[in-house]
file start02.csv (CSV, C-alpha atoms)
chain,number,residue,atom,x,y,z
A,10,MET,CA,-31.9,10.2,17.5
A,11,GLY,CA,-29.2,12.3,19.2
A,12,LYS,CA,-27.4,11.2,22.3
A,13,ARG,CA,-28.7,13.1,25.3
A,14,HIS,CA,-27.6,11.1,28.4
A,15,LEU,CA,-24.1,10.5,29.7
A,16,LEU,CA,-23.2,7.2,31.2
A,17,ILE,CA,-19.8,6.9,33.0
A,18,THR,CA,-18.4,3.4,33.5
A,19,GLY,CA,-15.1,1.9,34.5
A,20,LEU,CA,-13.4,-0.4,37.0
A,21,PRO,CA,-13.9,0.2,40.7
A,22,GLY,CA,-11.6,2.9,42.0
A,23,THR,CA,-10.9,4.6,38.7
A,24,GLY,CA,-12.8,7.8,39.7
A,25,LYS,CA,-16.3,7.5,38.4
A,26,THR,CA,-17.9,9.2,41.4
A,27,THR,CA,-15.1,11.8,41.5
A,28,LEU,CA,-15.7,12.6,37.9
A,29,LEU,CA,-19.5,12.8,38.4
A,30,MET,CA,-19.0,15.1,41.4
A,31,GLU,CA,-16.8,17.4,39.3
A,32,LEU,CA,-19.6,17.6,36.7
A,33,VAL,CA,-22.0,18.4,39.5
A,34,ARG,CA,-19.7,21.2,40.6
A,35,ARG,CA,-19.3,22.6,37.1
A,36,PHE,CA,-23.1,22.6,36.4
A,37,ALA,CA,-24.1,23.9,39.8
A,38,HIS,CA,-25.6,27.0,38.1
A,39,LEU,CA,-28.4,24.7,36.8
A,40,VAL,CA,-29.2,23.5,40.3
A,41,PRO,CA,-29.1,19.8,39.3
A,42,ALA,CA,-31.0,17.1,41.1
A,43,GLY,CA,-29.8,13.7,42.1
A,44,PHE,CA,-27.6,11.8,44.4
A,45,TYR,CA,-24.2,10.1,44.9
A,46,THR,CA,-22.9,7.3,47.1
A,47,GLU,CA,-20.0,7.4,49.5
A,48,GLU,CA,-18.2,4.6,51.2
A,49,VAL,CA,-18.6,4.3,54.9
A,50,ARG,CA,-15.3,3.2,56.5
A,51,GLU,CA,-14.3,2.2,60.0
A,52,ARG,CA,-10.6,1.9,60.8
A,53,GLY,CA,-9.9,1.9,57.1
A,54,VAL,CA,-12.3,-1.0,56.3
A,55,ARG,CA,-15.3,-0.4,54.1
A,56,GLN,CA,-18.5,-1.2,56.1
A,57,GLY,CA,-21.1,0.1,53.7
A,58,PHE,CA,-22.4,2.8,51.4
A,59,ARG,CA,-24.1,6.1,52.3
A,60,LEU,CA,-26.5,8.0,50.0
A,61,GLN,CA,-26.1,11.8,49.7
A,62,SER,CA,-28.5,13.9,47.7
A,63,LEU,CA,-27.3,17.0,45.9
A,64,ASP,CA,-29.5,19.1,48.2
A,65,GLY,CA,-28.1,17.7,51.4
A,66,ARG,CA,-30.3,14.7,52.4
A,67,GLU,CA,-28.7,11.5,53.6
A,68,GLY,CA,-29.6,7.8,53.6
A,69,LYS,CA,-27.9,4.5,54.0
A,70,LEU,CA,-27.9,2.1,51.1
A,71,ALA,CA,-25.9,-0.9,52.4
A,72,ASP,CA,-24.0,-2.1,55.4
A,73,VAL,CA,-22.2,-5.2,56.5
A,74,ALA,CA,-24.4,-5.2,59.6
A,75,PHE,CA,-27.7,-5.1,57.7
A,76,GLY,CA,-29.6,-8.4,57.7
A,77,GLY,CA,-32.4,-9.3,55.4
A,78,PRO,CA,-32.9,-10.9,52.1
A,79,HIS,CA,-31.3,-8.3,49.9
A,80,ARG,CA,-27.6,-8.9,49.7
A,81,VAL,CA,-24.7,-8.0,47.4
A,82,GLY,CA,-21.5,-9.7,48.5
A,83,ARG,CA,-21.0,-9.1,52.2
A,84,TYR,CA,-23.4,-6.1,52.3
A,85,GLY,CA,-27.0,-6.1,53.3
A,86,VAL,CA,-29.0,-3.6,51.1
A,87,ASP,CA,-31.7,-1.5,52.7
A,88,VAL,CA,-34.1,-1.5,49.7
A,89,GLU,CA,-37.0,0.0,51.6
A,90,GLY,CA,-34.8,2.8,53.0
A,91,PHE,CA,-33.4,3.4,49.5
A,92,GLU,CA,-36.8,3.7,48.0
A,93,ALA,CA,-37.9,6.2,50.7
A,94,PHE,CA,-34.8,8.2,50.0
A,95,LEU,CA,-35.5,8.2,46.2
A,96,ALA,CA,-39.2,9.2,46.8
A,97,SER,CA,-38.1,12.2,48.9
A,98,LEU,CA,-36.0,13.5,46.0
A,99,GLU,CA,-38.9,13.8,43.6
A,100,LEU,CA,-36.5,13.6,40.6
A,101,PRO,CA,-39.0,13.4,37.8
A,102,SER,CA,-40.7,16.7,38.9
A,103,HIS,CA,-37.5,18.6,39.8
A,104,PRO,CA,-37.3,21.8,37.7
A,105,SER,CA,-33.7,21.2,36.7
A,106,PRO,CA,-33.0,19.8,33.2
A,107,LEU,CA,-30.1,17.9,34.6
A,108,VAL,CA,-30.2,14.8,36.9
A,109,PHE,CA,-27.1,13.0,38.4
A,110,ILE,CA,-27.3,9.4,39.5
A,111,ASP,CA,-24.4,7.5,41.2
A,112,GLU,CA,-24.8,4.7,40.5
A,113,ILE,CA,-26.7,2.3,38.3
A,114,GLY,CA,-25.3,-0.8,40.0
A,115,LYS,CA,-26.2,-4.2,41.4
A,116,MET,CA,-27.3,-2.9,44.8
A,117,GLU,CA,-29.4,-0.1,43.4
A,118,CYS,CA,-31.0,-2.4,40.9
A,119,LEU,CA,-32.4,-4.6,43.7
A,120,SER,CA,-35.1,-1.8,44.0
A,121,PRO,CA,-37.9,-2.1,41.5
A,122,CYS,CA,-38.7,1.6,42.2
A,123,PHE,CA,-35.1,2.6,41.3
A,124,VAL,CA,-35.4,0.7,38.0
A,125,ARG,CA,-38.6,2.4,37.1
A,126,LEU,CA,-37.3,5.8,38.2
A,127,VAL,CA,-34.2,5.5,36.0
A,128,GLU,CA,-36.3,4.4,33.0
A,129,THR,CA,-38.7,7.3,33.6
A,130,LEU,CA,-35.9,9.8,33.8
A,131,LEU,CA,-34.2,8.5,30.7
A,132,ASP,CA,-37.5,8.7,28.8
A,133,SER,CA,-38.2,12.3,30.1
A,134,GLY,CA,-37.0,15.5,28.6
A,135,LYS,CA,-34.2,15.7,31.2
A,136,THR,CA,-30.5,15.0,30.6
A,137,VAL,CA,-29.3,12.2,32.9
A,138,VAL,CA,-25.6,11.8,33.9
A,139,ALA,CA,-25.1,8.5,35.7
A,140,THR,CA,-22.3,6.2,36.7
A,141,VAL,CA,-23.0,2.6,35.7
A,142,ALA,CA,-21.5,-0.7,36.6
A,143,ARG,CA,-19.0,-2.0,34.1
A,144,GLN,CA,-20.7,-5.4,34.0
A,145,GLY,CA,-24.3,-6.5,34.8
A,146,GLU,CA,-27.6,-7.6,33.4
A,147,GLY,CA,-31.1,-6.1,33.5
A,148,LEU,CA,-31.2,-2.4,33.8
A,149,ILE,CA,-27.4,-2.1,33.7
A,150,ARG,CA,-27.2,-3.7,30.3
A,151,LYS,CA,-30.4,-2.0,29.1
A,152,VAL,CA,-29.2,1.6,29.8
A,153,LYS,CA,-25.8,1.0,28.2
A,154,GLY,CA,-27.6,-0.2,25.0
A,155,ARG,CA,-29.8,2.9,24.7
A,156,PRO,CA,-29.2,4.8,21.4
A,157,ASP,CA,-29.8,8.1,23.2
A,158,SER,CA,-26.9,7.5,25.7
A,159,HIS,CA,-23.2,8.3,25.3
A,160,LEU,CA,-21.1,5.7,27.2
A,161,VAL,CA,-17.7,6.8,28.4
A,162,GLU,CA,-15.2,4.6,30.2
A,163,VAL,CA,-13.0,6.2,32.9
A,164,THR,CA,-9.4,4.9,33.2
A,165,ALA,CA,-6.4,5.9,35.1
A,166,MET,CA,-5.0,7.3,31.8
A,167,ASN,CA,-8.0,9.5,30.8
A,168,ARG,CA,-9.6,10.6,34.0
A,169,ARG,CA,-7.8,13.9,34.3
A,170,ALA,CA,-8.8,15.1,30.8
A,171,LEU,CA,-12.2,13.6,30.8
A,172,ALA,CA,-13.9,16.3,32.9
A,173,ASP,CA,-13.2,19.1,30.4
A,174,GLU,CA,-14.3,16.9,27.5
A,175,LEU,CA,-17.6,15.9,29.2
A,176,VAL,CA,-18.4,19.5,30.3
A,177,GLN,CA,-18.1,20.5,26.7
A,178,TRP,CA,-20.2,17.6,25.5
A,179,LEU,CA,-23.0,18.3,28.1
A,180,GLU,CA,-23.0,22.0,27.4
A,181,GLN,CA,-23.7,21.2,23.7
A,182,ARG,CA,-26.5,18.9,24.6
A,183,LEU,CA,-28.1,21.2,27.1
A,184,ALA,CA,-28.0,24.2,24.7
A,185,ALA,CA,-29.8,22.2,21.9
call {"tool": "encode", "arguments": {"input": "start02.csv", "output": "structure tokens"}}
result
Amino acid sequence: MGKRHLLITGLPGTGKTTLLMELVRRFAHLVPAGFYTEEVRERGVRQGFRLQSLDGREGKLADVAFGGPHRVGRYGVDVEGFEAFLASLELPSHPSPLVFIDEIGKMECLSPCFVRLVETLLDSGKTVVATVARQGEGLIRKVKGRPDSHLVEVTAMNRRALADELVQWLEQRLAA
């Protein structure tokens, strides 16, 4: 089985999301579907994470002010809001062959709907480009072990050259 999906991992702050967004930009002609996360900062201090779809929709994933049972570190995770955001994107039925997901991480994996969605997308005919936590169990470990996924680690040393390499890799996969 050939490798069809691209998983980008690395330490926090190495540029995973930046690389993913560069790939989104370079494949804009395919009108890809998906979403990315942005830090929400107040006076230089991270307060949470915002969701941004590639077609302009927004949601909030986590915030220090959120209460509730779903927590990762100091952040409360709005699982119900995240699931409503995901449902609005209709990723499995989107016409593009390319889906971007930022990220497959601990917060996102608190959502059973997200876990099912990622598995559905990876098993579909689409090509998935996703950032994935460097460490973790469950879905994080499972996707990294898939034989149809190419795992690339972003580092301070390789991040500048990686975009061109990955564009070429994806172009070959999408042309096949």
call {"tool": "residues_near_point", "arguments": {"input": "start02.csv", "point": "(-25.1, 8.3, 38.0)", "cutoff": "10 Å", "atoms": "all atoms listed in the file", "output": "PyMOL selection string"}}
result
chain A and resi 15-18+25-26+29-30+43-46+108-114+127+137-142
call {"tool": "residues_around", "arguments": {"input": "start02.csv", "residues": "region 70-82 of chain A", "least_positions_apart": "5", "cutoff": "8 Å", "atoms": "only C-alpha atoms", "output": "list in words"}}
result
Gln56, Gly57, Phe58, Arg59, Leu60, Asp87, Val88, Gly90, Phe91, Lys115, Met116 and Leu119 of chain A
call {"tool": "closest_residue", "arguments": {"input": "start02.csv", "among": "A:Val152, A:Cys122, A:Val49, A:Ala42", "to": "His103 (chain A)", "atoms": "all atoms listed in the file"}}
result
A:Ala42
call {"tool": "axis_aligned_box", "arguments": {"input": "start02.csv", "around": "region 163-178 of chain A", "padding_each_side": "4 Å", "output": "AutoDock Vina command-line options"}}
result
--center_x -12.6 --center_y 12.7 --center_z 30.3 --size_x 23.2 --size_y 23.6 --size_z 17.6
call {"tool": "atom_distance", "arguments": {"input": "start02.csv", "atom1": "CA of Leu183 (chain A)", "atom2": "CA of Leu107 (chain A)"}}
result
8.4 Å
call {"tool": "atom_distance", "arguments": {"input": "start02.csv", "atom1": "CA of Tyr84 (chain A)", "atom2": "CA of Pro21 (chain A)"}}
result
16.3 Å
call {"tool": "atom_distance", "arguments": {"input": "start02.csv", "atom1": "CA of Lys69 (chain A)", "atom2": "CA of Phe94 (chain A)"}}
result
8.8 Å
call {"tool": "closest_residue", "arguments": {"input": "start02.csv", "among": "A:Gly145, A:His159, A:Ser62, A:Glu128", "to": "Ala96 (chain A)", "atoms": "all atoms listed in the file"}}
result
A:Ser62
call {"tool": "closest_residue", "arguments": {"input": "start02.csv", "among": "A:Arg182, A:His38, A:Arg168, A:Lys12", "to": "Gly24 (chain A)", "atoms": "all atoms listed in the file"}}
result
A:Arg168
call {"tool": "closest_residue", "arguments": {"input": "start02.csv", "among": "A:Ala185, A:Val33, A:Leu175, A:Val86", "to": "Gly11 (chain A)", "atoms": "all atoms listed in the file"}}
result
A:Ala185
call {"tool": "closest_residue", "arguments": {"input": "start02.csv", "among": "A:Val176, A:Ile149, A:Ala184, A:Leu130", "to": "Ala37 (chain A)", "atoms": "all atoms listed in the file"}}
result
A:Val176
call {"tool": "residues_around", "arguments": {"input": "start02.csv", "residues": "Arg169 (chain A)", "least_positions_apart": "3", "cutoff": "12 Å", "atoms": "all atoms listed in the file", "output": "PyMOL selection string"}}
result
chain A and resi 23-25+27-28+31+163-166+172-175
call {"tool": "closest_residue", "arguments": {"input": "start02.csv", "among": "A:Arg83, A:Pro106, A:Cys118, A:Trp178", "to": "Lys151 (chain A)", "atoms": "all atoms listed in the file"}}
result
A:Cys118
call {"tool": "decode", "arguments": {"input": "start02.csv", "residues": "region 139-180 of chain A", "atoms": "N, CA and C atoms", "output": "PDB file, in the first residue's frame"}}
result
ATOM      1  N   ALA A 139      -2.138  16.441   8.106  1.00  0.00           N
ATOM      2  CA  ALA A 139      -2.481  16.792   9.479  1.00  0.00           C
ATOM      3  C   ALA A 139      -1.236  17.003  10.320  1.00  0.00           C
ATOM      4  N   THR A 140      -1.350  17.919  11.262  1.00  0.00           N
ATOM      5  CA  THR A 140      -0.337  17.992  12.298  1.00  0.00           C
ATOM      6  C   THR A 140      -0.783  17.034  13.391  1.00  0.00           C
ATOM      7  N   VAL A 141       0.196  16.419  14.050  1.00  0.00           N
ATOM      8  CA  VAL A 141      -0.122  15.428  15.074  1.00  0.00           C
ATOM      9  C   VAL A 141       0.858  15.599  16.230  1.00  0.00           C
ATOM     10  N   ALA A 142       0.319  15.451  17.425  1.00  0.00           N
ATOM     11  CA  ALA A 142       1.151  15.579  18.617  1.00  0.00           C
ATOM     12  C   ALA A 142       2.326  14.609  18.556  1.00  0.00           C
ATOM     13  N   ARG A 143       3.426  15.049  19.083  1.00  0.00           N
ATOM     14  CA  ARG A 143       4.633  14.213  19.067  1.00  0.00           C
ATOM     15  C   ARG A 143       4.461  12.978  19.944  1.00  0.00           C
ATOM     16  N   GLN A 144       3.737  13.144  21.055  1.00  0.00           N
ATOM     17  CA  GLN A 144       3.501  12.028  21.966  1.00  0.00           C
ATOM     18  C   GLN A 144       2.011  11.929  22.256  1.00  0.00           C
ATOM     19  N   GLY A 145       1.567  10.728  22.558  1.00  0.00           N
ATOM     20  CA  GLY A 145       0.174  10.527  22.913  1.00  0.00           C
ATOM     21  C   GLY A 145      -0.264   9.118  22.597  1.00  0.00           C
ATOM     22  N   GLU A 146      -1.361   8.756  23.201  1.00  0.00           N
ATOM     23  CA  GLU A 146      -1.929   7.420  23.021  1.00  0.00           C
ATOM     24  C   GLU A 146      -3.169   7.503  22.138  1.00  0.00           C
ATOM     25  N   GLY A 147      -3.916   6.429  22.058  1.00  0.00           N
ATOM     26  CA  GLY A 147      -5.176   6.400  21.327  1.00  0.00           C
ATOM     27  C   GLY A 147      -4.998   6.753  19.867  1.00  0.00           C
ATOM     28  N   LEU A 148      -5.812   7.707  19.403  1.00  0.00           N
ATOM     29  CA  LEU A 148      -5.797   8.099  17.999  1.00  0.00           C
ATOM     30  C   LEU A 148      -4.430   8.629  17.573  1.00  0.00           C
ATOM     31  N   ILE A 149      -3.754   9.349  18.458  1.00  0.00           N
ATOM     32  CA  ILE A 149      -2.442   9.909  18.119  1.00  0.00           C
ATOM     33  C   ILE A 149      -1.485   8.789  17.725  1.00  0.00           C
ATOM     34  N   ARG A 150      -1.408   7.775  18.541  1.00  0.00           N
ATOM     35  CA  ARG A 150      -0.527   6.644  18.250  1.00  0.00           C
ATOM     36  C   ARG A 150      -1.020   5.870  17.020  1.00  0.00           C
ATOM     37  N   LYS A 151      -2.328   5.703  16.925  1.00  0.00           N
ATOM     38  CA  LYS A 151      -2.914   4.912  15.840  1.00  0.00           C
ATOM     39  C   LYS A 151      -2.626   5.531  14.470  1.00  0.00           C
ATOM     40  N   VAL A 152      -2.833   6.853  14.331  1.00  0.00           N
ATOM     41  CA  VAL A 152      -2.615   7.453  13.008  1.00  0.00           C
ATOM     42  C   VAL A 152      -1.142   7.429  12.620  1.00  0.00           C
ATOM     43  N   LYS A 153      -0.265   7.591  13.596  1.00  0.00           N
ATOM     44  CA  LYS A 153       1.168   7.583  13.306  1.00  0.00           C
ATOM     45  C   LYS A 153       1.657   6.196  12.891  1.00  0.00           C
ATOM     46  N   GLY A 154       0.916   5.165  13.257  1.00  0.00           N
ATOM     47  CA  GLY A 154       1.291   3.801  12.900  1.00  0.00           C
ATOM     48  C   GLY A 154       0.657   3.294  11.614  1.00  0.00           C
ATOM     49  N   ARG A 155      -0.168   4.107  10.974  1.00  0.00           N
ATOM     50  CA  ARG A 155      -0.842   3.658   9.741  1.00  0.00           C
ATOM     51  C   ARG A 155       0.164   3.478   8.613  1.00  0.00           C
ATOM     52  N   PRO A 156       0.084   2.375   7.886  1.00  0.00           N
ATOM     53  CA  PRO A 156       1.019   2.149   6.779  1.00  0.00           C
ATOM     54  C   PRO A 156       0.799   3.095   5.602  1.00  0.00           C
ATOM     55  N   ASP A 157      -0.366   3.744   5.527  1.00  0.00           N
ATOM     56  CA  ASP A 157      -0.644   4.653   4.413  1.00  0.00           C
ATOM     57  C   ASP A 157      -0.318   6.111   4.748  1.00  0.00           C
ATOM     58  N   SER A 158       0.381   6.321   5.866  1.00  0.00           N
ATOM     59  CA  SER A 158       0.708   7.684   6.289  1.00  0.00           C
ATOM     60  C   SER A 158       2.219   7.904   6.352  1.00  0.00           C
ATOM     61  N   HIS A 159       2.638   9.038   5.818  1.00  0.00           N
ATOM     62  CA  HIS A 159       4.042   9.460   5.815  1.00  0.00           C
ATOM     63  C   HIS A 159       4.218  10.452   6.969  1.00  0.00           C
ATOM     64  N   LEU A 160       5.033  10.092   7.956  1.00  0.00           N
ATOM     65  CA  LEU A 160       5.249  10.922   9.135  1.00  0.00           C
ATOM     66  C   LEU A 160       6.541  11.714   8.972  1.00  0.00           C
ATOM     67  N   VAL A 161       6.441  13.042   9.120  1.00  0.00           N
ATOM     68  CA  VAL A 161       7.579  13.936   8.979  1.00  0.00           C
ATOM     69  C   VAL A 161       7.706  14.753  10.251  1.00  0.00           C
ATOM     70  N   GLU A 162       8.928  14.862  10.770  1.00  0.00           N
ATOM     71  CA  GLU A 162       9.146  15.675  11.967  1.00  0.00           C
ATOM     72  C   GLU A 162       9.751  17.023  11.582  1.00  0.00           C
ATOM     73  N   VAL A 163       9.122  18.094  12.034  1.00  0.00           N
ATOM     74  CA  VAL A 163       9.613  19.445  11.805  1.00  0.00           C
ATOM     75  C   VAL A 163      10.577  19.805  12.930  1.00  0.00           C
ATOM     76  N   THR A 164      11.733  20.335  12.543  1.00  0.00           N
ATOM     77  CA  THR A 164      12.711  20.816  13.514  1.00  0.00           C
ATOM     78  C   THR A 164      13.145  22.218  13.103  1.00  0.00           C
ATOM     79  N   ALA A 165      13.852  22.895  13.974  1.00  0.00           N
ATOM     80  CA  ALA A 165      14.384  24.213  13.644  1.00  0.00           C
ATOM     81  C   ALA A 165      15.336  24.118  12.454  1.00  0.00           C
ATOM     82  N   MET A 166      16.010  22.999  12.308  1.00  0.00           N
ATOM     83  CA  MET A 166      16.987  22.829  11.233  1.00  0.00           C
ATOM     84  C   MET A 166      16.350  22.573   9.856  1.00  0.00           C
ATOM     85  N   ASN A 167      15.213  21.854   9.820  1.00  0.00           N
ATOM     86  CA  ASN A 167      14.669  21.453   8.518  1.00  0.00           C
ATOM     87  C   ASN A 167      13.431  22.233   8.085  1.00  0.00           C
ATOM     88  N   ARG A 168      12.889  23.077   8.949  1.00  0.00           N
ATOM     89  CA  ARG A 168      11.579  23.658   8.636  1.00  0.00           C
ATOM     90  C   ARG A 168      11.553  24.535   7.394  1.00  0.00           C
ATOM     91  N   ARG A 169      12.655  25.182   7.055  1.00  0.00           N
ATOM     92  CA  ARG A 169      12.664  26.045   5.863  1.00  0.00           C
ATOM     93  C   ARG A 169      12.605  25.223   4.571  1.00  0.00           C
ATOM     94  N   ALA A 170      13.323  24.129   4.510  1.00  0.00           N
ATOM     95  CA  ALA A 170      13.384  23.306   3.293  1.00  0.00           C
ATOM     96  C   ALA A 170      12.193  22.366   3.169  1.00  0.00           C
ATOM     97  N   LEU A 171      11.533  22.106   4.272  1.00  0.00           N
ATOM     98  CA  LEU A 171      10.484  21.089   4.289  1.00  0.00           C
ATOM     99  C   LEU A 171       9.294  21.425   3.395  1.00  0.00           C
ATOM    100  N   ALA A 172       8.905  22.678   3.309  1.00  0.00           N
ATOM    101  CA  ALA A 172       7.725  23.043   2.510  1.00  0.00           C
ATOM    102  C   ALA A 172       7.886  22.593   1.058  1.00  0.00           C
ATOM    103  N   ASP A 173       9.024  22.904   0.451  1.00  0.00           N
ATOM    104  CA  ASP A 173       9.234  22.513  -0.948  1.00  0.00           C
ATOM    105  C   ASP A 173       9.226  21.002  -1.110  1.00  0.00           C
ATOM    106  N   GLU A 174       9.865  20.289  -0.196  1.00  0.00           N
ATOM    107  CA  GLU A 174       9.890  18.822  -0.252  1.00  0.00           C
ATOM    108  C   GLU A 174       8.475  18.249  -0.166  1.00  0.00           C
ATOM    109  N   LEU A 175       7.685  18.791   0.760  1.00  0.00           N
ATOM    110  CA  LEU A 175       6.345  18.242   0.988  1.00  0.00           C
ATOM    111  C   LEU A 175       5.372  18.622  -0.126  1.00  0.00           C
ATOM    112  N   VAL A 176       5.555  19.777  -0.731  1.00  0.00           N
ATOM    113  CA  VAL A 176       4.738  20.135  -1.890  1.00  0.00           C
ATOM    114  C   VAL A 176       4.978  19.112  -3.000  1.00  0.00           C
ATOM    115  N   GLN A 177       6.235  18.798  -3.260  1.00  0.00           N
ATOM    116  CA  GLN A 177       6.574  17.825  -4.294  1.00  0.00           C
ATOM    117  C   GLN A 177       5.990  16.450  -3.955  1.00  0.00           C
ATOM    118  N   TRP A 178       6.124  16.037  -2.695  1.00  0.00           N
ATOM    119  CA  TRP A 178       5.595  14.744  -2.260  1.00  0.00           C
ATOM    120  C   TRP A 178       4.082  14.692  -2.474  1.00  0.00           C
ATOM    121  N   LEU A 179       3.382  15.748  -2.066  1.00  0.00           N
ATOM    122  CA  LEU A 179       1.922  15.776  -2.219  1.00  0.00           C
ATOM    123  C   LEU A 179       1.505  15.821  -3.679  1.00  0.00           C
ATOM    124  N   GLU A 180       2.210  16.587  -4.487  1.00  0.00           N
ATOM    125  CA  GLU A 180       1.875  16.652  -5.918  1.00  0.00           C
ATOM    126  C   GLU A 180       1.953  15.261  -6.554  1.00  0.00           C
TER     127      GLU A 180
END
